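Working notes for the structure below.
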Amino acid sequence: MTLAVLLLLAASAAEHYQRASTLFDQQKFAEANEALDAALAADPVHVPALTLKGKLAMAFNRFDVARLAFERAARLAPESAYAQFLLGFFYYVDNDFVKAIAPLERARRLDASDSRATLYLAMSREGLAQPELAISLYEQTIELETQRGRPSPETHTAYGRLLFTLGRQDEAARQFARVLELDPASRDGHYEQGRIEFERGRYAEAASHGEKALEAKGVGTTDRQIHFLLSRSYSKLGKDDLAGAHRKKFQSAPATLRR
Amino acid sequence: MALFGAVFETMPAARTGIDFVHDNALSAGRYLPESMGPGVAILDYDNDGRMDIYFTNSGACDFFTPRRPLRNALYRNQGDGTFTDTTLAAGVAGRDFGIGVSTCDYNRDGWTDLFVTNYGVNVLYRNNRDGTFTDVTKPAGLDAPGLYTVSVWFDYDSNGTDDVFVGHFVKYNKSLERECKYNGIPHYCYPLSYDPWSSRLYRSNGDETFTDVSRESGIGRHLGKVFGAVATDINDDGRLDLFVANDSVPNFLFVNQGRAFDEIGLEAGVAYSADGAARSGMGVDAADYDGDGRQDLFVANFNRERFSIYRNRGDLTFTDEAGPTGIGTATQMFSGWGVKFFDFDHDGDLDLIVANGHPDDRIEEISSTLKHREPLLLFANTGGKFAVLPAVAKDYPARGLAVGDLDNDGAPDVIVANNGEAPVVLRNRGTKNHWLGLALKGPATGARITWSAGGVRRSRLKTAGGSYLSAHDPRELLGLGEAARLDWVEVRWPAPVSRTDRFENVRGGRYYSLRPGGSLE
């Protein structure tokens with residue numbers, strides 16, 4: 001056995017975890033994973049190591065590994081709001097909305113000031129086709145964020161999208177307007193406002209928001225979605241060249257599939 | 001609106017005699033066609049005025065060798081609530097791997113013929129007018145093999161004979177099957193895994209043969225993954241258009257220009273979701289649900305996609321009203337197949353029924369949110385919105401759905417064909433509202449029935465196809481509400497007849513048949 005290995009084994013779980021955390025922040029994921037394995041070898045019930053292990057596994061699309069890590073962490077630390085939140089968050093991302101509810105509710109009870117659990121509860125209720133519950137939770141999330149002085153454009157976007165799918169256009173428009181107040185260059189905000197304007201028959205405004213969305217940076221709304229909006233808007237405006245150009249880009253972009 | 005719980009009564013096989021059980025050919029490898037069927041048709045094959053029933057079943061193919069012989073099933077209505085299996089005597093057992101069914105009168109002899117879509121070669125059964133049928137697929141020219149789903153009979157060129165659209169699902173054979181495992185366990189692959197393929201349109205030559213006009217009509221130029229299709233007239237120009245639901249690729253809206261079709265799905269706003277995603281279109285229907293005189297469209301999609309109810313804006317564009325109508329939220333958790341707009345309580349408004357079931361029989365192993373068996377959703381039209389009424393207590397792995405009046409009491413009954421299980425027969429208990437039934441004879445798709453009852457004017461276009469792999473009772477049931485008589489009724493026949501027949505002060509509570517220029521009989 002080499003000296004390095006002996007030293008590694010001699011380090012405590014906490015030390016391995018600290019190292020893993022630093023490596024994770026530096027996006028050195030493979031090394032972080034090794035350090036986490038060492039931490040868990042030294043202490044299999046080290047909750048921070050388990051939660052970081054789960055986050056790392058999610059980043060690498062290893063949901064099977066993440067599930068085990070988060071479930072174990074939440075079992076070991078039933079009073080940890082963070083461990084409960086992460087388990088609920090994981091279930092939400094894995095589209096397992098029914099399972100997401102209990103840990104998110106627990107996280108909310110353990111830390112009433114943390115808006116994240118409430119937000120993911122709202123989205124889980126939305127995923128379960130319970131819009132009225134979701135609306136109430138979105139409202140609570142916005143209130144919590146406001147109280148903490150940290151309003152989030154993402155929350156208003158998610159809430160507005162729900163209202164839009166319910167056909168409550170005016171209420172949705174208010175949410176998207178708030179998104180653009182908080183972040184005037186929001187890609188999501190301009191895109192969603194553009195969709196509202198399109199539905200209202202205000203095609204020039206829809207196209208204008210679409211063009212701004214296309215210029216803005218962001219990872220939520222795709223170029224394909226925006227080209228779809230612009231193609232339809234310009235078509236309605238009789239600008240066939242622009243409509244055709246955006247249609248071509250829409251159709252050549254990688255297809256998205258809503259499931 | 002009838003009260004929930006009082007609408008339908010489930011009729012057990014012991015009472016109906018319908019002992020058919022669908023064999024879905026379930027294999028360890030999970031081959032795609034296993035998850036698709038079956039279809040069901042309601043038809044009167046012996047012209048005795050009572051509706052009979054036909055089911056499709058799986059059969060031998062390149063991935064499946066049945067342990068015992070499998071066949072489709074024809075049940076003759078005995079008129080006393082029971083049905084007798086006449087499949088073998090009638091000669092309609094089918095062949096290959098049965099998927100869907102439609103009814104027609106392709107030779108205009110007044111007797112209902114059958115068309116069965118297969119994974120393999122489809123079958124056209126000509127009715128011999130004596131309780132038997134003859135397989136005339138090959139001489140008719142309809143014997144191209146493939147993985148076919150829906151078939152829709154309609155007169156696209158307005159020459160008085162019905163042509164047929166035959167929808168094709170993905171490019172498929174055993175060697176093209178994909179492996180889709182989750183935690184090492186095979187599941188049915190999502191259709192995105194397979195390549196699209198072209199559907200076919202056959203023009204009737206008027207002599208019991210058909211010519212494949214897929215290319216020249218424009219239909220065959222569009223590669224799709226077709227599950228559902230309905231022929232309707234979206235622009236009220238008297239020519240029948242075709243709306244086609246595709247799974248995982250954009251839907252098609254073929255607008256009839258006379259001899260050929262223009263595909264305008266994208267421009268019309270029915271090809272994609274509101275943010276440009278192709279959804280999993282399965283069952284479809286068309287009707288004027290909001291009473292504005294225009295044909296609206298409905299598509300049953302996959303879970304989380306929400307089903308679409310497209311309101312016709314009158315300018316060749318549509319708006320998805322899933323949100324405002326309540327359809328979106330009510331269908332968010334389900335995967336929909338068979339569907340039909342119908343007036344279940346005869347109040348005059350068109351209600352809606354949708355059969356659901358997750359295609360993956362192992363979905364519950366990987367999701368606590370989704371179920372393999374799903375509820376039948378009955379929506380009551382409440383004037384701009386739809387209120388969901390759970391139609392029956394049990395959930396099913398449903399696919400095909402056909403609506404028809406099995407006991408001639410005027411109340412539309414429902415048959416749900418389940419994947420890998422026995423079907424469900426639901427008898428409508430009826431309401432106090434009045435009704436009138438109309439059987440239009442001759443090529444009637446595209447006919448517009450307009451009527452007034454109690455001073456309220458309503459209208460309905462006779463469409464063809466719709467639902468999923470299935471065929472409804474061809475008769476139209478008109479809801480009269482509290483009025484026992486129609487003030488008047490008009491039938492505007494489609495081209496080439498193009499005449500209008502009008503009748504006044506017509507007594508309700510019974511069926512009438514009508515030919516162009518004839519009297520109500």
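Naming works like this for the structure tokens: A, B, ... for the chains as they're shown, residue 1 at the start of each chain, ligands 1 onward in shown order.
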
With the cut-off set at 8 Å and counting only C-alpha atoms, tabulate each residue of chain B with an atom at most that distance from an atom of chain A, showing the nearest atom pair and its distance in Å to one decimal, ordered by chain and increasing number, as JSON lines.
{"residue": "B:Ser248", "atom": "CA", "partner": "A:Leu257", "partner_atom": "CA", "distance": 7.2}
{"residue": "B:Glu267", "atom": "CA", "partner": "A:Arg232", "partner_atom": "CA", "distance": 7.1}
{"residue": "B:Asp275", "atom": "CA", "partner": "A:Gln225", "partner_atom": "CA", "distance": 5.6}
{"residue": "B:Gly276", "atom": "CA", "partner": "A:Gln225", "partner_atom": "CA", "distance": 5.6}
{"residue": "B:Ala277", "atom": "CA", "partner": "A:Leu257", "partner_atom": "CA", "distance": 5.3}
{"residue": "B:Ala278", "atom": "CA", "partner": "A:Leu257", "partner_atom": "CA", "distance": 5.9}
{"residue": "B:Arg279", "atom": "CA", "partner": "A:Arg258", "partner_atom": "CA", "distance": 6.4}
{"residue": "B:Phe302", "atom": "CA", "partner": "A:Arg259", "partner_atom": "CA", "distance": 6.7}
{"residue": "B:Asn303", "atom": "CA", "partner": "A:Arg259", "partner_atom": "CA", "distance": 6.5}
{"residue": "B:Arg304", "atom": "CA", "partner": "A:Arg259", "partner_atom": "CA", "distance": 5.3}
{"residue": "B:Glu305", "atom": "CA", "partner": "A:Arg259", "partner_atom": "CA", "distance": 5.4}
{"residue": "B:Glu321", "atom": "CA", "partner": "A:Gly167", "partner_atom": "CA", "distance": 7.5}
{"residue": "B:Ala322", "atom": "CA", "partner": "A:Leu166", "partner_atom": "CA", "distance": 7.6}
{"residue": "B:Gly323", "atom": "CA", "partner": "A:Leu166", "partner_atom": "CA", "distance": 3.9}
{"residue": "B:Pro324", "atom": "CA", "partner": "A:Gly167", "partner_atom": "CA", "distance": 4.6}
{"residue": "B:Gly326", "atom": "CA", "partner": "A:Leu166", "partner_atom": "CA", "distance": 7.5}
{"residue": "B:Gly328", "atom": "CA", "partner": "A:Leu166", "partner_atom": "CA", "distance": 7.5}
{"residue": "B:Thr329", "atom": "CA", "partner": "A:Ala129", "partner_atom": "CA", "distance": 5.5}
{"residue": "B:Ala330", "atom": "CA", "partner": "A:Ala129", "partner_atom": "CA", "distance": 7.2}
{"residue": "B:Gln332", "atom": "CA", "partner": "A:Ala129", "partner_atom": "CA", "distance": 6.0}
{"residue": "B:Met333", "atom": "CA", "partner": "A:Ala129", "partner_atom": "CA", "distance": 6.8}
{"residue": "B:Ser367", "atom": "CA", "partner": "A:Asp96", "partner_atom": "CA", "distance": 5.9}
{"residue": "B:Ser368", "atom": "CA", "partner": "A:Asp96", "partner_atom": "CA", "distance": 6.0}
{"residue": "B:Thr369", "atom": "CA", "partner": "A:Val98", "partner_atom": "CA", "distance": 5.4}

Residue subset to file, keeping N, CA, C and O atoms, as a compact mmCIF listing (two decimals), in the first residue's frame:
# COMPACT_ATOMS: atom_id res chain seq x y z
N SER B 248 -45.47 12.12 -32.22
CA SER B 248 -44.10 12.63 -32.09
C SER B 248 -43.60 13.40 -33.30
O SER B 248 -42.45 13.83 -33.32
N GLU B 267 -49.35 26.49 -40.50
CA GLU B 267 -50.00 27.80 -40.65
C GLU B 267 -51.32 27.85 -39.88
O GLU B 267 -51.70 28.89 -39.34
N ASP B 275 -45.99 26.14 -28.14
CA ASP B 275 -44.59 26.59 -28.19
C ASP B 275 -43.75 25.71 -29.12
O ASP B 275 -42.55 25.56 -28.93
N GLY B 276 -44.41 25.16 -30.12
CA GLY B 276 -43.66 24.55 -31.21
C GLY B 276 -43.19 23.13 -30.99
O GLY B 276 -42.29 22.68 -31.69
N ALA B 277 -43.76 22.42 -30.04
CA ALA B 277 -43.37 21.03 -29.82
C ALA B 277 -44.36 20.10 -30.51
O ALA B 277 -45.57 20.28 -30.38
N ALA B 278 -43.82 19.13 -31.24
CA ALA B 278 -44.69 18.09 -31.79
C ALA B 278 -45.14 17.21 -30.64
O ALA B 278 -44.34 16.81 -29.80
N ARG B 279 -46.42 16.96 -30.59
CA ARG B 279 -46.94 16.13 -29.49
C ARG B 279 -47.25 14.72 -30.00
O ARG B 279 -46.94 14.38 -31.14
N PHE B 302 -50.47 12.49 -25.43
CA PHE B 302 -49.81 11.69 -24.39
C PHE B 302 -49.88 12.43 -23.05
O PHE B 302 -50.08 13.64 -23.01
N ASN B 303 -49.65 11.68 -21.96
CA ASN B 303 -49.69 12.34 -20.66
C ASN B 303 -48.67 13.46 -20.59
O ASN B 303 -47.60 13.39 -21.18
N ARG B 304 -49.00 14.49 -19.84
CA ARG B 304 -48.24 15.73 -19.66
C ARG B 304 -48.32 16.67 -20.85
O ARG B 304 -47.91 17.83 -20.74
N GLU B 305 -48.81 16.18 -21.97
CA GLU B 305 -48.91 17.07 -23.13
C GLU B 305 -50.23 17.82 -23.16
O GLU B 305 -50.34 18.82 -23.84
N GLU B 321 -57.92 25.67 -27.30
CA GLU B 321 -58.69 26.16 -26.15
C GLU B 321 -58.63 25.17 -24.98
O GLU B 321 -59.53 25.16 -24.14
N ALA B 322 -57.58 24.37 -24.94
CA ALA B 322 -57.47 23.38 -23.86
C ALA B 322 -57.49 24.04 -22.49
O ALA B 322 -58.08 23.50 -21.54
N GLY B 323 -56.87 25.20 -22.37
CA GLY B 323 -56.85 25.89 -21.07
C GLY B 323 -58.21 26.41 -20.68
O GLY B 323 -58.79 25.99 -19.67
N PRO B 324 -58.78 27.34 -21.46
CA PRO B 324 -60.07 27.93 -21.07
C PRO B 324 -61.21 26.93 -20.94
O PRO B 324 -62.11 27.13 -20.13
N GLY B 326 -61.01 23.86 -19.89
CA GLY B 326 -60.80 22.90 -18.80
C GLY B 326 -60.30 21.55 -19.29
O GLY B 326 -59.95 20.68 -18.50
N GLY B 328 -57.52 20.88 -20.82
CA GLY B 328 -56.08 20.72 -20.59
C GLY B 328 -55.77 20.13 -19.24
O GLY B 328 -55.06 19.12 -19.12
N THR B 329 -56.29 20.75 -18.20
CA THR B 329 -56.03 20.27 -16.85
C THR B 329 -56.61 18.88 -16.65
O THR B 329 -55.97 18.01 -16.06
N ALA B 330 -57.80 18.66 -17.17
CA ALA B 330 -58.47 17.36 -16.95
C ALA B 330 -57.75 16.21 -17.63
O ALA B 330 -57.92 15.05 -17.23
N GLN B 332 -54.32 16.19 -18.38
CA GLN B 332 -52.87 16.31 -18.25
C GLN B 332 -52.19 15.01 -17.83
O GLN B 332 -51.06 14.74 -18.23
N MET B 333 -52.87 14.20 -17.06
CA MET B 333 -52.22 12.99 -16.51
C MET B 333 -52.44 11.76 -17.38
O MET B 333 -51.99 10.67 -17.02
N SER B 367 -42.66 4.94 -12.46
CA SER B 367 -43.30 6.21 -12.09
C SER B 367 -44.39 5.97 -11.05
O SER B 367 -45.21 5.06 -11.23
N SER B 368 -44.35 6.76 -10.01
CA SER B 368 -45.44 6.66 -9.04
C SER B 368 -46.58 7.59 -9.43
O SER B 368 -47.64 7.59 -8.82
N THR B 369 -46.36 8.41 -10.44
CA THR B 369 -47.34 9.40 -10.86
C THR B 369 -48.29 8.86 -11.92
O THR B 369 -49.47 9.23 -11.96

Just want the 9 Å neighbourhood of Pro443 in chain B, counted on only C-alpha atoms, with same-chain residues fewer than 5 positions away dropped. Output as a PDB file with all heavy atoms, in the first residue's frame.
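Once everything was written out, this is part04.pdb:
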ATOM      1  N   ASP B 105     -69.479   1.599 -47.506  1.00  0.00           N
ATOM      2  CA  ASP B 105     -70.288   0.909 -48.518  1.00  0.00           C
ATOM      3  C   ASP B 105     -69.607   1.239 -49.840  1.00  0.00           C
ATOM      4  O   ASP B 105     -70.087   2.066 -50.611  1.00  0.00           O
ATOM      5  CB  ASP B 105     -71.739   1.400 -48.478  1.00  0.00           C
ATOM      6  CG  ASP B 105     -72.608   0.688 -49.512  1.00  0.00           C
ATOM      7  OD1 ASP B 105     -72.133  -0.308 -50.106  1.00  0.00           O
ATOM      8  OD2 ASP B 105     -73.734   1.150 -49.745  1.00  0.00           O
ATOM      9  N   ARG B 108     -71.601   0.788 -53.033  1.00  0.00           N
ATOM     10  CA  ARG B 108     -72.890   1.504 -53.050  1.00  0.00           C
ATOM     11  C   ARG B 108     -74.082   0.574 -53.257  1.00  0.00           C
ATOM     12  O   ARG B 108     -75.025   0.897 -53.964  1.00  0.00           O
ATOM     13  CB  ARG B 108     -72.872   2.582 -54.154  1.00  0.00           C
ATOM     14  CG  ARG B 108     -71.871   3.693 -53.890  1.00  0.00           C
ATOM     15  CD  ARG B 108     -71.682   4.545 -55.108  1.00  0.00           C
ATOM     16  NE  ARG B 108     -71.023   3.789 -56.174  1.00  0.00           N
ATOM     17  CZ  ARG B 108     -71.065   4.078 -57.453  1.00  0.00           C
ATOM     18  NH1 ARG B 108     -71.750   5.100 -57.865  1.00  0.00           N
ATOM     19  NH2 ARG B 108     -70.432   3.343 -58.351  1.00  0.00           N
ATOM     20  N   PHE B 154     -64.176   8.524 -47.386  1.00  0.00           N
ATOM     21  CA  PHE B 154     -64.852   9.787 -47.706  1.00  0.00           C
ATOM     22  C   PHE B 154     -64.634  10.096 -49.184  1.00  0.00           C
ATOM     23  O   PHE B 154     -63.678   9.623 -49.800  1.00  0.00           O
ATOM     24  CB  PHE B 154     -64.348  10.927 -46.820  1.00  0.00           C
ATOM     25  CG  PHE B 154     -62.920  11.361 -47.072  1.00  0.00           C
ATOM     26  CD1 PHE B 154     -62.643  12.611 -47.608  1.00  0.00           C
ATOM     27  CD2 PHE B 154     -61.857  10.532 -46.756  1.00  0.00           C
ATOM     28  CE1 PHE B 154     -61.331  13.019 -47.831  1.00  0.00           C
ATOM     29  CE2 PHE B 154     -60.537  10.927 -46.981  1.00  0.00           C
ATOM     30  CZ  PHE B 154     -60.272  12.171 -47.517  1.00  0.00           C
ATOM     31  N   ASP B 155     -65.540  10.885 -49.715  1.00  0.00           N
ATOM     32  CA  ASP B 155     -65.536  11.166 -51.154  1.00  0.00           C
ATOM     33  C   ASP B 155     -64.748  12.452 -51.394  1.00  0.00           C
ATOM     34  O   ASP B 155     -65.318  13.530 -51.497  1.00  0.00           O
ATOM     35  CB  ASP B 155     -66.991  11.294 -51.629  1.00  0.00           C
ATOM     36  CG  ASP B 155     -67.100  11.558 -53.113  1.00  0.00           C
ATOM     37  OD1 ASP B 155     -66.083  11.423 -53.834  1.00  0.00           O
ATOM     38  OD2 ASP B 155     -68.208  11.920 -53.552  1.00  0.00           O
ATOM     39  N   GLY B 160     -69.248  11.080 -55.926  1.00  0.00           N
ATOM     40  CA  GLY B 160     -70.341  10.210 -55.507  1.00  0.00           C
ATOM     41  C   GLY B 160     -69.906   8.847 -55.022  1.00  0.00           C
ATOM     42  O   GLY B 160     -70.760   8.045 -54.640  1.00  0.00           O
ATOM     43  N   THR B 161     -68.619   8.574 -55.038  1.00  0.00           N
ATOM     44  CA  THR B 161     -68.141   7.289 -54.498  1.00  0.00           C
ATOM     45  C   THR B 161     -67.106   7.562 -53.421  1.00  0.00           C
ATOM     46  O   THR B 161     -66.292   8.492 -53.545  1.00  0.00           O
ATOM     47  CB  THR B 161     -67.491   6.418 -55.593  1.00  0.00           C
ATOM     48  OG1 THR B 161     -66.430   7.162 -56.208  1.00  0.00           O
ATOM     49  CG2 THR B 161     -68.504   6.011 -56.641  1.00  0.00           C
ATOM     50  N   ASP B 162     -67.121   6.730 -52.403  1.00  0.00           N
ATOM     51  CA  ASP B 162     -66.196   6.948 -51.293  1.00  0.00           C
ATOM     52  C   ASP B 162     -64.790   6.449 -51.636  1.00  0.00           C
ATOM     53  O   ASP B 162     -64.604   5.324 -52.108  1.00  0.00           O
ATOM     54  CB  ASP B 162     -66.705   6.226 -50.032  1.00  0.00           C
ATOM     55  CG  ASP B 162     -67.669   7.094 -49.249  1.00  0.00           C
ATOM     56  OD1 ASP B 162     -67.783   8.304 -49.569  1.00  0.00           O
ATOM     57  OD2 ASP B 162     -68.308   6.568 -48.323  1.00  0.00           O
ATOM     58  N   TRP B 493     -77.189  17.877 -48.758  1.00  0.00           N
ATOM     59  CA  TRP B 493     -76.342  16.759 -49.185  1.00  0.00           C
ATOM     60  C   TRP B 493     -75.077  17.273 -49.851  1.00  0.00           C
ATOM     61  O   TRP B 493     -75.101  18.295 -50.543  1.00  0.00           O
ATOM     62  CB  TRP B 493     -77.110  15.860 -50.158  1.00  0.00           C
ATOM     63  CG  TRP B 493     -78.297  15.199 -49.520  1.00  0.00           C
ATOM     64  CD1 TRP B 493     -79.554  15.694 -49.436  1.00  0.00           C
ATOM     65  CD2 TRP B 493     -78.310  13.931 -48.856  1.00  0.00           C
ATOM     66  NE1 TRP B 493     -80.377  14.811 -48.757  1.00  0.00           N
ATOM     67  CE2 TRP B 493     -79.639  13.718 -48.406  1.00  0.00           C
ATOM     68  CE3 TRP B 493     -77.367  12.947 -48.612  1.00  0.00           C
ATOM     69  CZ2 TRP B 493     -80.026  12.577 -47.719  1.00  0.00           C
ATOM     70  CZ3 TRP B 493     -77.733  11.797 -47.942  1.00  0.00           C
ATOM     71  CH2 TRP B 493     -79.047  11.624 -47.491  1.00  0.00           C
ATOM     72  N   PRO B 494     -73.981  16.512 -49.697  1.00  0.00           N
ATOM     73  CA  PRO B 494     -72.732  16.958 -50.322  1.00  0.00           C
ATOM     74  C   PRO B 494     -72.764  16.732 -51.834  1.00  0.00           C
ATOM     75  O   PRO B 494     -73.606  15.985 -52.343  1.00  0.00           O
ATOM     76  CB  PRO B 494     -71.677  16.060 -49.660  1.00  0.00           C
ATOM     77  CG  PRO B 494     -72.418  14.811 -49.306  1.00  0.00           C
ATOM     78  CD  PRO B 494     -73.813  15.243 -48.953  1.00  0.00           C
TER      79      PRO B 494
END

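Each of B:Leu389, B:His358, B:Arg30, B:Leu74 was checked against Met51 in chain B using only C-alpha atoms; the smallest atom-to-atom distance is that of B:Leu74.
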
(message) Using only C-alpha atoms, which protein or nucleic acid residues come within 10 Å of Glu34 in chain A? Drop anything in the same chain fewer than 5 positions from it, and give the result as a ChimeraX atom specification.
(response) /A:16,19-20,29,39-40

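Take CA of Gln295 in chain B and CA of Ala231 in chain B: the distance between them is 10.6 Å.
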
(request) Check range 158-292 of chain B with DSSP on the backbone and list each residue it calls alpha helix (DSSP H), as a PyMOL selection string. (result) chain B and resi 214-217+265-268

Keeping N, CA, C and O atoms for every residue in the selection just given, could you write it to a file as a compact mmCIF listing (two decimals), in the first residue's frame?
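Once written, out-v8.txt looks like this:
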# COMPACT_ATOMS: atom_id res chain seq x y z
N SER B 214 -51.90 8.53 -53.79
CA SER B 214 -51.19 9.15 -52.67
C SER B 214 -50.30 10.29 -53.13
O SER B 214 -50.29 11.37 -52.53
N ARG B 215 -49.54 10.05 -54.18
CA ARG B 215 -48.58 11.06 -54.62
C ARG B 215 -49.27 12.25 -55.26
O ARG B 215 -49.03 13.40 -54.88
N GLU B 216 -50.14 11.96 -56.25
CA GLU B 216 -50.75 13.08 -56.97
C GLU B 216 -51.70 13.91 -56.10
O GLU B 216 -51.92 15.08 -56.36
N SER B 217 -52.23 13.30 -55.07
CA SER B 217 -53.14 14.05 -54.19
C SER B 217 -52.37 14.88 -53.16
O SER B 217 -52.94 15.74 -52.50
N GLY B 265 -50.95 22.46 -41.73
CA GLY B 265 -50.98 22.28 -40.27
C GLY B 265 -50.26 23.36 -39.50
O GLY B 265 -50.76 23.87 -38.50
N LEU B 266 -49.07 23.72 -39.95
CA LEU B 266 -48.28 24.73 -39.24
C LEU B 266 -48.97 26.09 -39.29
O LEU B 266 -49.15 26.74 -38.26
N GLU B 267 -49.35 26.49 -40.50
CA GLU B 267 -50.00 27.80 -40.65
C GLU B 267 -51.32 27.85 -39.88
O GLU B 267 -51.70 28.89 -39.34
N ALA B 268 -52.00 26.74 -39.83
CA ALA B 268 -53.32 26.70 -39.18
C ALA B 268 -53.21 26.64 -37.66
O ALA B 268 -54.19 26.88 -36.95

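Using only C-alpha atoms, the nearest neighbour of Asp170 in chain A within the list A:Lys249, A:His209, A:Arg200, A:Arg150 is A:Arg200.
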